[in-house]
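Below: input.tsv (TSV, N, CA and C atoms)
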chain	number	residue	atom	x	y	z
A	1	MET	N	10.89	50.16	14.40
A	1	MET	CA	9.85	50.32	13.40
A	1	MET	C	10.09	49.40	12.20
A	2	ILE	N	11.36	49.36	11.71
A	2	ILE	CA	11.69	48.51	10.58
A	2	ILE	C	11.53	47.04	10.96
A	3	LEU	N	11.95	46.70	12.19
A	3	LEU	CA	11.81	45.33	12.68
A	3	LEU	C	10.34	44.92	12.74
A	4	THR	N	9.48	45.81	13.16
A	4	THR	CA	8.05	45.54	13.25
A	4	THR	C	7.47	45.29	11.86
A	5	LYS	N	7.86	46.08	10.88
A	5	LYS	CA	7.37	45.89	9.51
A	5	LYS	C	7.84	44.55	8.95
A	6	ARG	N	9.09	44.20	9.20
A	6	ARG	CA	9.61	42.93	8.71
A	6	ARG	C	8.91	41.75	9.37
A	7	LEU	N	8.69	41.87	10.67
A	7	LEU	CA	7.99	40.82	11.40
A	7	LEU	C	6.56	40.68	10.88
A	8	PHE	N	5.90	41.80	10.66
A	8	PHE	CA	4.54	41.77	10.12
A	8	PHE	C	4.52	41.12	8.74
A	9	THR	N	5.47	41.49	7.89
A	9	THR	CA	5.56	40.93	6.55
A	9	THR	C	5.81	39.42	6.61
A	10	PHE	N	6.71	39.01	7.48
A	10	PHE	CA	6.99	37.58	7.64
A	10	PHE	C	5.75	36.82	8.10
A	11	CYS	N	5.05	37.35	9.08
A	11	CYS	CA	3.84	36.70	9.60
A	11	CYS	C	2.76	36.62	8.52
A	12	LEU	N	2.60	37.68	7.77
A	12	LEU	CA	1.61	37.69	6.71
A	12	LEU	C	1.94	36.66	5.63
A	13	ALA	N	3.21	36.60	5.24
A	13	ALA	CA	3.64	35.62	4.24
A	13	ALA	C	3.44	34.20	4.76
A	14	SER	N	3.71	33.97	6.02
A	14	SER	CA	3.53	32.64	6.61
A	14	SER	C	2.06	32.24	6.60
A	15	LEU	N	1.20	33.17	6.96
A	15	LEU	CA	-0.23	32.88	6.96
A	15	LEU	C	-0.74	32.58	5.56
A	16	MET	N	-0.25	33.33	4.59
A	16	MET	CA	-0.68	33.09	3.21
A	16	MET	C	-0.21	31.72	2.73
A	17	SER	N	1.00	31.32	3.10
A	17	SER	CA	1.51	30.00	2.73
A	17	SER	C	0.67	28.90	3.34
A	18	LEU	N	0.31	29.07	4.60
A	18	LEU	CA	-0.54	28.07	5.26
A	18	LEU	C	-1.90	27.98	4.59
A	19	ALA	N	-2.44	29.11	4.21
A	19	ALA	CA	-3.75	29.11	3.54
A	19	ALA	C	-3.67	28.40	2.20
A	20	LEU	N	-2.60	28.62	1.43
A	20	LEU	CA	-2.44	27.94	0.14
A	20	LEU	C	-2.26	26.44	0.33
A	21	MET	N	-1.50	26.04	1.35
A	21	MET	CA	-1.31	24.62	1.61
A	21	MET	C	-2.64	23.96	1.99
A	22	ALA	N	-3.42	24.63	2.80
A	22	ALA	CA	-4.72	24.09	3.20
A	22	ALA	C	-5.64	23.97	1.99
A	23	GLN	N	-5.58	24.95	1.10
A	23	GLN	CA	-6.40	24.91	-0.10
A	23	GLN	C	-5.97	23.77	-1.01
A	24	ALA	N	-4.67	23.55	-1.14
A	24	ALA	CA	-4.17	22.45	-1.95
A	24	ALA	C	-4.63	21.13	-1.37
A	25	ASP	N	-4.54	20.98	-0.05
A	25	ASP	CA	-4.99	19.74	0.60
A	25	ASP	C	-6.47	19.48	0.35
A	26	ARG	N	-7.26	20.54	0.39
A	26	ARG	CA	-8.70	20.39	0.14
A	26	ARG	C	-8.96	19.93	-1.30
A	27	PHE	N	-8.27	20.55	-2.26
A	27	PHE	CA	-8.43	20.14	-3.66
A	27	PHE	C	-7.97	18.69	-3.86
A	28	ILE	N	-6.88	18.31	-3.21
A	28	ILE	CA	-6.37	16.95	-3.36
A	28	ILE	C	-7.38	15.94	-2.83
A	29	LYS	N	-7.93	16.20	-1.65
A	29	LYS	CA	-8.93	15.28	-1.08
A	29	LYS	C	-10.16	15.18	-1.98
A	30	GLU	N	-10.62	16.31	-2.47
A	30	GLU	CA	-11.79	16.31	-3.36
A	30	GLU	C	-11.47	15.58	-4.67
A	31	ALA	N	-10.28	15.79	-5.20
A	31	ALA	CA	-9.88	15.14	-6.45
A	31	ALA	C	-9.77	13.64	-6.27
A	32	ASP	N	-9.12	13.21	-5.19
A	32	ASP	CA	-9.01	11.77	-4.92
A	32	ASP	C	-10.38	11.14	-4.75
A	33	ASN	N	-11.26	11.84	-4.07
A	33	ASN	CA	-12.63	11.33	-3.88
A	33	ASN	C	-13.35	11.22	-5.23
A	34	ALA	N	-13.23	12.24	-6.07
A	34	ALA	CA	-13.86	12.20	-7.40
A	34	ALA	C	-13.29	11.05	-8.22
A	35	PHE	N	-11.98	10.88	-8.18
A	35	PHE	CA	-11.34	9.78	-8.93
A	35	PHE	C	-11.86	8.43	-8.44
A	36	ASN	N	-11.91	8.26	-7.13
A	36	ASN	CA	-12.38	6.99	-6.56
A	36	ASN	C	-13.85	6.72	-6.87
A	37	ASN	N	-14.60	7.78	-7.11
A	37	ASN	CA	-16.01	7.64	-7.48
A	37	ASN	C	-16.23	7.66	-8.99
A	38	GLU	N	-15.13	7.53	-9.73
A	38	GLU	CA	-15.14	7.46	-11.19
A	38	GLU	C	-15.68	8.72	-11.86
A	39	ALA	N	-15.55	9.85	-11.19
A	39	ALA	CA	-15.92	11.15	-11.76
A	39	ALA	C	-14.63	11.76	-12.31
A	40	TYR	N	-14.14	11.19	-13.41
A	40	TYR	CA	-12.80	11.50	-13.90
A	40	TYR	C	-12.66	12.92	-14.44
A	41	PHE	N	-13.68	13.45	-15.09
A	41	PHE	CA	-13.60	14.82	-15.60
A	41	PHE	C	-13.47	15.81	-14.43
A	42	GLU	N	-14.25	15.59	-13.40
A	42	GLU	CA	-14.16	16.43	-12.20
A	42	GLU	C	-12.79	16.26	-11.53
A	43	ALA	N	-12.32	15.03	-11.47
A	43	ALA	CA	-11.01	14.76	-10.85
A	43	ALA	C	-9.91	15.51	-11.59
A	44	ILE	N	-9.96	15.52	-12.91
A	44	ILE	CA	-8.95	16.22	-13.70
A	44	ILE	C	-8.90	17.69	-13.31
A	45	ASP	N	-10.06	18.34	-13.27
A	45	ASP	CA	-10.10	19.76	-12.91
A	45	ASP	C	-9.55	20.01	-11.51
A	46	LEU	N	-9.94	19.15	-10.57
A	46	LEU	CA	-9.50	19.33	-9.19
A	46	LEU	C	-8.01	19.04	-9.02
A	47	TYR	N	-7.50	18.01	-9.70
A	47	TYR	CA	-6.06	17.73	-9.63
A	47	TYR	C	-5.26	18.90	-10.21
A	48	LYS	N	-5.75	19.49	-11.28
A	48	LYS	CA	-5.04	20.62	-11.86
A	48	LYS	C	-5.03	21.82	-10.91
A	49	LYS	N	-6.14	22.06	-10.23
A	49	LYS	CA	-6.19	23.14	-9.25
A	49	LYS	C	-5.24	22.85	-8.10
A	50	ALA	N	-5.25	21.61	-7.63
A	50	ALA	CA	-4.37	21.23	-6.53
A	50	ALA	C	-2.91	21.38	-6.94
A	51	TYR	N	-2.61	20.99	-8.18
A	51	TYR	CA	-1.23	21.09	-8.67
A	51	TYR	C	-0.74	22.54	-8.62
A	52	SER	N	-1.60	23.46	-8.99
A	52	SER	CA	-1.19	24.87	-9.01
A	52	SER	C	-0.97	25.43	-7.61
A	53	LYS	N	-1.54	24.79	-6.60
A	53	LYS	CA	-1.39	25.27	-5.22
A	53	LYS	C	-0.33	24.51	-4.43
A	54	GLU	N	0.01	23.32	-4.89
A	54	GLU	CA	0.93	22.43	-4.15
A	54	GLU	C	2.37	22.90	-4.29
A	55	SER	N	3.14	22.74	-3.21
A	55	SER	CA	4.55	23.13	-3.26
A	55	SER	C	5.49	21.93	-3.18
A	56	ASP	N	5.04	20.82	-2.64
A	56	ASP	CA	5.89	19.64	-2.49
A	56	ASP	C	6.08	18.94	-3.84
A	57	SER	N	7.33	18.75	-4.24
A	57	SER	CA	7.61	18.20	-5.57
A	57	SER	C	7.14	16.76	-5.74
A	58	GLU	N	7.24	15.95	-4.69
A	58	GLU	CA	6.75	14.56	-4.80
A	58	GLU	C	5.25	14.52	-4.98
A	59	GLU	N	4.55	15.35	-4.23
A	59	GLU	CA	3.09	15.39	-4.34
A	59	GLU	C	2.69	15.95	-5.71
A	60	LYS	N	3.42	16.93	-6.20
A	60	LYS	CA	3.12	17.47	-7.53
A	60	LYS	C	3.29	16.38	-8.58
A	61	ALA	N	4.32	15.55	-8.46
A	61	ALA	CA	4.52	14.45	-9.41
A	61	ALA	C	3.36	13.46	-9.33
A	62	ARG	N	2.90	13.18	-8.11
A	62	ARG	CA	1.75	12.27	-7.95
A	62	ARG	C	0.49	12.86	-8.58
A	63	LEU	N	0.31	14.16	-8.43
A	63	LEU	CA	-0.86	14.81	-9.02
A	63	LEU	C	-0.82	14.72	-10.54
A	64	LEU	N	0.35	14.90	-11.12
A	64	LEU	CA	0.49	14.76	-12.58
A	64	LEU	C	0.13	13.34	-13.01
A	65	PHE	N	0.58	12.36	-12.25
A	65	PHE	CA	0.26	10.97	-12.56
A	65	PHE	C	-1.25	10.74	-12.44
A	66	GLN	N	-1.88	11.30	-11.43
A	66	GLN	CA	-3.32	11.11	-11.25
A	66	GLN	C	-4.11	11.78	-12.38
A	67	ILE	N	-3.62	12.90	-12.88
A	67	ILE	CA	-4.26	13.53	-14.03
A	67	ILE	C	-4.16	12.58	-15.22
A	68	ALA	N	-2.98	12.02	-15.44
A	68	ALA	CA	-2.79	11.06	-16.53
A	68	ALA	C	-3.69	9.85	-16.36
A	69	GLU	N	-3.79	9.36	-15.13
A	69	GLU	CA	-4.66	8.21	-14.85
A	69	GLU	C	-6.13	8.54	-15.17
A	70	SER	N	-6.53	9.74	-14.85
A	70	SER	CA	-7.91	10.15	-15.15
A	70	SER	C	-8.14	10.15	-16.65
A	71	TYR	N	-7.17	10.66	-17.41
A	71	TYR	CA	-7.30	10.64	-18.86
A	71	TYR	C	-7.28	9.21	-19.39
A	72	ARG	N	-6.52	8.33	-18.75
A	72	ARG	CA	-6.51	6.92	-19.16
A	72	ARG	C	-7.89	6.30	-18.97
A	73	MET	N	-8.54	6.65	-17.88
A	73	MET	CA	-9.86	6.09	-17.59
A	73	MET	C	-10.93	6.56	-18.58
A	74	ILE	N	-10.73	7.75	-19.17
A	74	ILE	CA	-11.71	8.23	-20.15
A	74	ILE	C	-11.23	8.00	-21.58
A	75	LEU	N	-10.14	7.24	-21.71
A	75	LEU	CA	-9.61	6.80	-23.01
A	75	LEU	C	-9.16	7.96	-23.90
A	76	ASP	N	-8.60	9.00	-23.30
A	76	ASP	CA	-8.07	10.13	-24.06
A	76	ASP	C	-6.56	9.92	-24.20
A	77	TYR	N	-6.15	9.24	-25.27
A	77	TYR	CA	-4.76	8.84	-25.44
A	77	TYR	C	-3.82	10.02	-25.64
A	78	ASP	N	-4.27	11.04	-26.34
A	78	ASP	CA	-3.42	12.22	-26.55
A	78	ASP	C	-3.07	12.88	-25.22
A	79	GLN	N	-4.06	13.06	-24.37
A	79	GLN	CA	-3.81	13.67	-23.06
A	79	GLN	C	-3.03	12.74	-22.14
A	80	GLN	N	-3.25	11.44	-22.27
A	80	GLN	CA	-2.46	10.48	-21.47
A	80	GLN	C	-0.98	10.67	-21.73
A	81	VAL	N	-0.62	10.74	-23.01
A	81	VAL	CA	0.79	10.89	-23.38
A	81	VAL	C	1.36	12.15	-22.75
A	82	ILE	N	0.64	13.24	-22.85
A	82	ILE	CA	1.12	14.52	-22.31
A	82	ILE	C	1.35	14.42	-20.80
A	83	TRP	N	0.37	13.88	-20.09
A	83	TRP	CA	0.43	13.92	-18.63
A	83	TRP	C	1.31	12.84	-18.03
A	84	TYR	N	1.38	11.65	-18.65
A	84	TYR	CA	2.35	10.67	-18.15
A	84	TYR	C	3.76	11.18	-18.38
A	85	ASP	N	3.99	11.82	-19.51
A	85	ASP	CA	5.31	12.39	-19.78
A	85	ASP	C	5.66	13.44	-18.73
A	86	LYS	N	4.71	14.30	-18.38
A	86	LYS	CA	4.95	15.30	-17.35
A	86	LYS	C	5.25	14.64	-16.00
A	87	ALA	N	4.51	13.59	-15.67
A	87	ALA	CA	4.74	12.90	-14.40
A	87	ALA	C	6.15	12.31	-14.35
A	88	LEU	N	6.56	11.69	-15.44
A	88	LEU	CA	7.89	11.10	-15.48
A	88	LEU	C	8.98	12.16	-15.42
A	89	ARG	N	8.76	13.29	-16.09
A	89	ARG	CA	9.73	14.39	-16.02
A	89	ARG	C	9.82	14.98	-14.62
A	90	ALA	N	8.72	14.87	-13.88
A	90	ALA	CA	8.69	15.36	-12.49
A	90	ALA	C	9.21	14.31	-11.52
A	91	GLN	N	9.80	13.24	-12.06
A	91	GLN	CA	10.40	12.17	-11.26
A	91	GLN	C	9.37	11.32	-10.51
A	92	TYR	N	8.18	11.13	-11.11
A	92	TYR	CA	7.22	10.23	-10.49
A	92	TYR	C	7.83	8.83	-10.48
A	93	ASP	N	7.81	8.20	-9.33
A	93	ASP	CA	8.58	6.97	-9.12
A	93	ASP	C	7.67	5.74	-9.14
A	94	SER	N	7.21	5.38	-10.33
A	94	SER	CA	6.43	4.15	-10.48
A	94	SER	C	6.62	3.62	-11.90
A	95	PRO	N	6.99	2.35	-12.02
A	95	PRO	CA	7.12	1.76	-13.34
A	95	PRO	C	5.82	1.80	-14.14
A	96	ASP	N	4.68	1.85	-13.45
A	96	ASP	CA	3.39	1.89	-14.13
A	96	ASP	C	3.28	3.06	-15.09
A	97	ALA	N	3.91	4.17	-14.75
A	97	ALA	CA	3.85	5.34	-15.63
A	97	ALA	C	4.46	5.01	-16.99
A	98	TYR	N	5.57	4.25	-17.00
A	98	TYR	CA	6.17	3.83	-18.27
A	98	TYR	C	5.24	2.89	-19.03
A	99	LEU	N	4.64	1.96	-18.31
A	99	LEU	CA	3.74	0.99	-18.94
A	99	LEU	C	2.54	1.69	-19.58
A	100	TYR	N	1.88	2.55	-18.83
A	100	TYR	CA	0.69	3.21	-19.35
A	100	TYR	C	1.02	4.18	-20.47
A	101	LEU	N	2.18	4.82	-20.40
A	101	LEU	CA	2.62	5.69	-21.49
A	101	LEU	C	2.88	4.86	-22.75
A	102	ALA	N	3.51	3.72	-22.59
A	102	ALA	CA	3.75	2.82	-23.73
A	102	ALA	C	2.43	2.38	-24.35
A	103	GLN	N	1.45	2.02	-23.51
A	103	GLN	CA	0.14	1.60	-24.02
A	103	GLN	C	-0.56	2.73	-24.76
A	104	ALA	N	-0.44	3.95	-24.25
A	104	ALA	CA	-1.07	5.09	-24.94
A	104	ALA	C	-0.43	5.31	-26.30
A	105	TYR	N	0.90	5.24	-26.36
A	105	TYR	CA	1.58	5.38	-27.65
A	105	TYR	C	1.15	4.26	-28.60
A	106	GLN	N	1.03	3.06	-28.09
A	106	GLN	CA	0.61	1.93	-28.93
A	106	GLN	C	-0.79	2.17	-29.49
A	107	ARG	N	-1.69	2.65	-28.67
A	107	ARG	CA	-3.06	2.91	-29.12
A	107	ARG	C	-3.13	4.05	-30.12
A	108	GLN	N	-2.15	4.94	-30.06
A	108	GLN	CA	-2.07	6.02	-31.04
A	108	GLN	C	-1.42	5.56	-32.34
A	109	GLY	N	-0.83	4.37	-32.32
A	109	GLY	CA	-0.15	3.86	-33.50
A	109	GLY	C	1.31	4.28	-33.59
A	110	ASP	N	1.84	4.86	-32.54
A	110	ASP	CA	3.24	5.27	-32.51
A	110	ASP	C	4.05	4.13	-31.87
A	111	PHE	N	4.35	3.13	-32.68
A	111	PHE	CA	4.95	1.90	-32.17
A	111	PHE	C	6.41	2.09	-31.76
A	112	THR	N	7.11	3.01	-32.39
A	112	THR	CA	8.51	3.27	-32.01
A	112	THR	C	8.56	3.79	-30.57
A	113	GLN	N	7.73	4.77	-30.27
A	113	GLN	CA	7.68	5.31	-28.91
A	113	GLN	C	7.16	4.25	-27.93
A	114	ALA	N	6.18	3.48	-28.37
A	114	ALA	CA	5.63	2.43	-27.51
A	114	ALA	C	6.72	1.45	-27.11
A	115	ILE	N	7.51	1.01	-28.06
A	115	ILE	CA	8.59	0.06	-27.76
A	115	ILE	C	9.59	0.68	-26.80
A	116	GLU	N	9.93	1.95	-27.03
A	116	GLU	CA	10.88	2.63	-26.15
A	116	GLU	C	10.39	2.61	-24.70
A	117	PHE	N	9.11	2.91	-24.49
A	117	PHE	CA	8.60	2.98	-23.12
A	117	PHE	C	8.28	1.60	-22.55
A	118	TYR	N	7.97	0.63	-23.39
A	118	TYR	CA	7.86	-0.74	-22.88
A	118	TYR	C	9.21	-1.21	-22.36
A	119	ASN	N	10.28	-0.86	-23.07
A	119	ASN	CA	11.62	-1.21	-22.62
A	119	ASN	C	11.98	-0.50	-21.32
A	120	LYS	N	11.60	0.75	-21.19
A	120	LYS	CA	11.85	1.48	-19.94
A	120	LYS	C	11.06	0.85	-18.80
A	121	TYR	N	9.84	0.43	-19.11
A	121	TYR	CA	9.04	-0.27	-18.08
A	121	TYR	C	9.73	-1.56	-17.67
A	122	LYS	N	10.21	-2.32	-18.65
A	122	LYS	CA	10.89	-3.59	-18.36
A	122	LYS	C	12.10	-3.35	-17.47
A	123	ASP	N	12.84	-2.30	-17.74
A	123	ASP	CA	14.02	-1.98	-16.95
A	123	ASP	C	13.67	-1.50	-15.54
A	124	ALA	N	12.54	-0.80	-15.41
A	124	ALA	CA	12.17	-0.20	-14.13
A	124	ALA	C	11.34	-1.12	-13.24
A	125	ALA	N	10.61	-2.05	-13.87
A	125	ALA	CA	9.70	-2.91	-13.11
A	125	ALA	C	10.49	-3.95	-12.30
A	126	PRO	N	9.98	-4.28	-11.14
A	126	PRO	CA	10.63	-5.32	-10.36
A	126	PRO	C	10.52	-6.67	-11.07
A	127	ASP	N	11.53	-7.47	-10.91
A	127	ASP	CA	11.55	-8.80	-11.51
A	127	ASP	C	10.48	-9.66	-10.85
A	128	PRO	N	9.57	-10.27	-11.63
A	128	PRO	CA	8.48	-11.05	-11.02
A	128	PRO	C	8.96	-12.33	-10.33
A	129	MET	N	10.16	-12.76	-10.59
A	129	MET	CA	10.65	-13.98	-9.97
A	129	MET	C	11.38	-13.70	-8.72

The structure given in the file should be rewritten as structure tokens.
Amino acid sequence: MILTKRLFTFCLASLMSLALMAQADRFIKEADNAFNNEAYFEAIDLYKKAYSKESDSEEKARLLFQIAESYRMILDYDQQVIWYDKALRAQYDSPDAYLYLAQAYQRQGDFTQAIEFYNKYKDAAPDPM
């Protein structure tokens, strides 16, 4: 009887996990489509929903970067700073995050932070030669 309850609980938890993963995948596809169609406000909402459902840390970091990119496209510098910072803290692996964060700080007039992140971009970016 106890084994049956545990098996049932395990199966139920597995099904719920699969359902959440499928829901995250759906939100990600819809968000990527909205971003590609320049519907950035919609993309932001969908990426945030996908982020809350996603379990993979690399994909979560990518979603944070895509949220930041959406804010960059609508010229919201305050939100860019917040979301690029979150992406970098989540170990998003692209030098572009440093570059765009530096540009956002520069546009805000925070030149000290801008210089710091331009230097991080310089260190992280591949040598063009």

What does the distance from atom N of Ala43 in chain A to atom N of Ala24 in chain A come to in Å, to one decimal?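 Going from atom N of Ala43 in chain A over to atom N of Ala24 in chain A covers 15.4 Å.
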
Rank A:Ser94, A:Gln103, A:Ser57, A:Asn36 by their smallest atom-to-atom distance to Ser70 in chain A, using only C-alpha atoms, and report the top residue only.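 Answer, going by the shortest atom-to-atom distance: A:Asn36.
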
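For the pair CA of Arg62 in chain A and atom C of Ala50 in chain A, the separation is 10.3 Å.
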
So which one's closest to Asp127 in chain A, A:Arg89, A:Pro95, A:Phe41, A:Glu59? Using only C-alpha atoms, please.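 That would be A:Pro95, the residue with the smallest distance to Asp127 in chain A.
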
Record the distance separating atom N of Asp123 in chain A and atom C of Tyr47 in chain A, expressed in Å with one decimal. 28.9 Å

Among chain A, which ones does DSSP assign to helix (DSSP H, G or I) (computed from the backbone)? Answer as a PyMOL selection string. chain A and resi 2-36+40-53+57-73+77-89+95-108+111-124
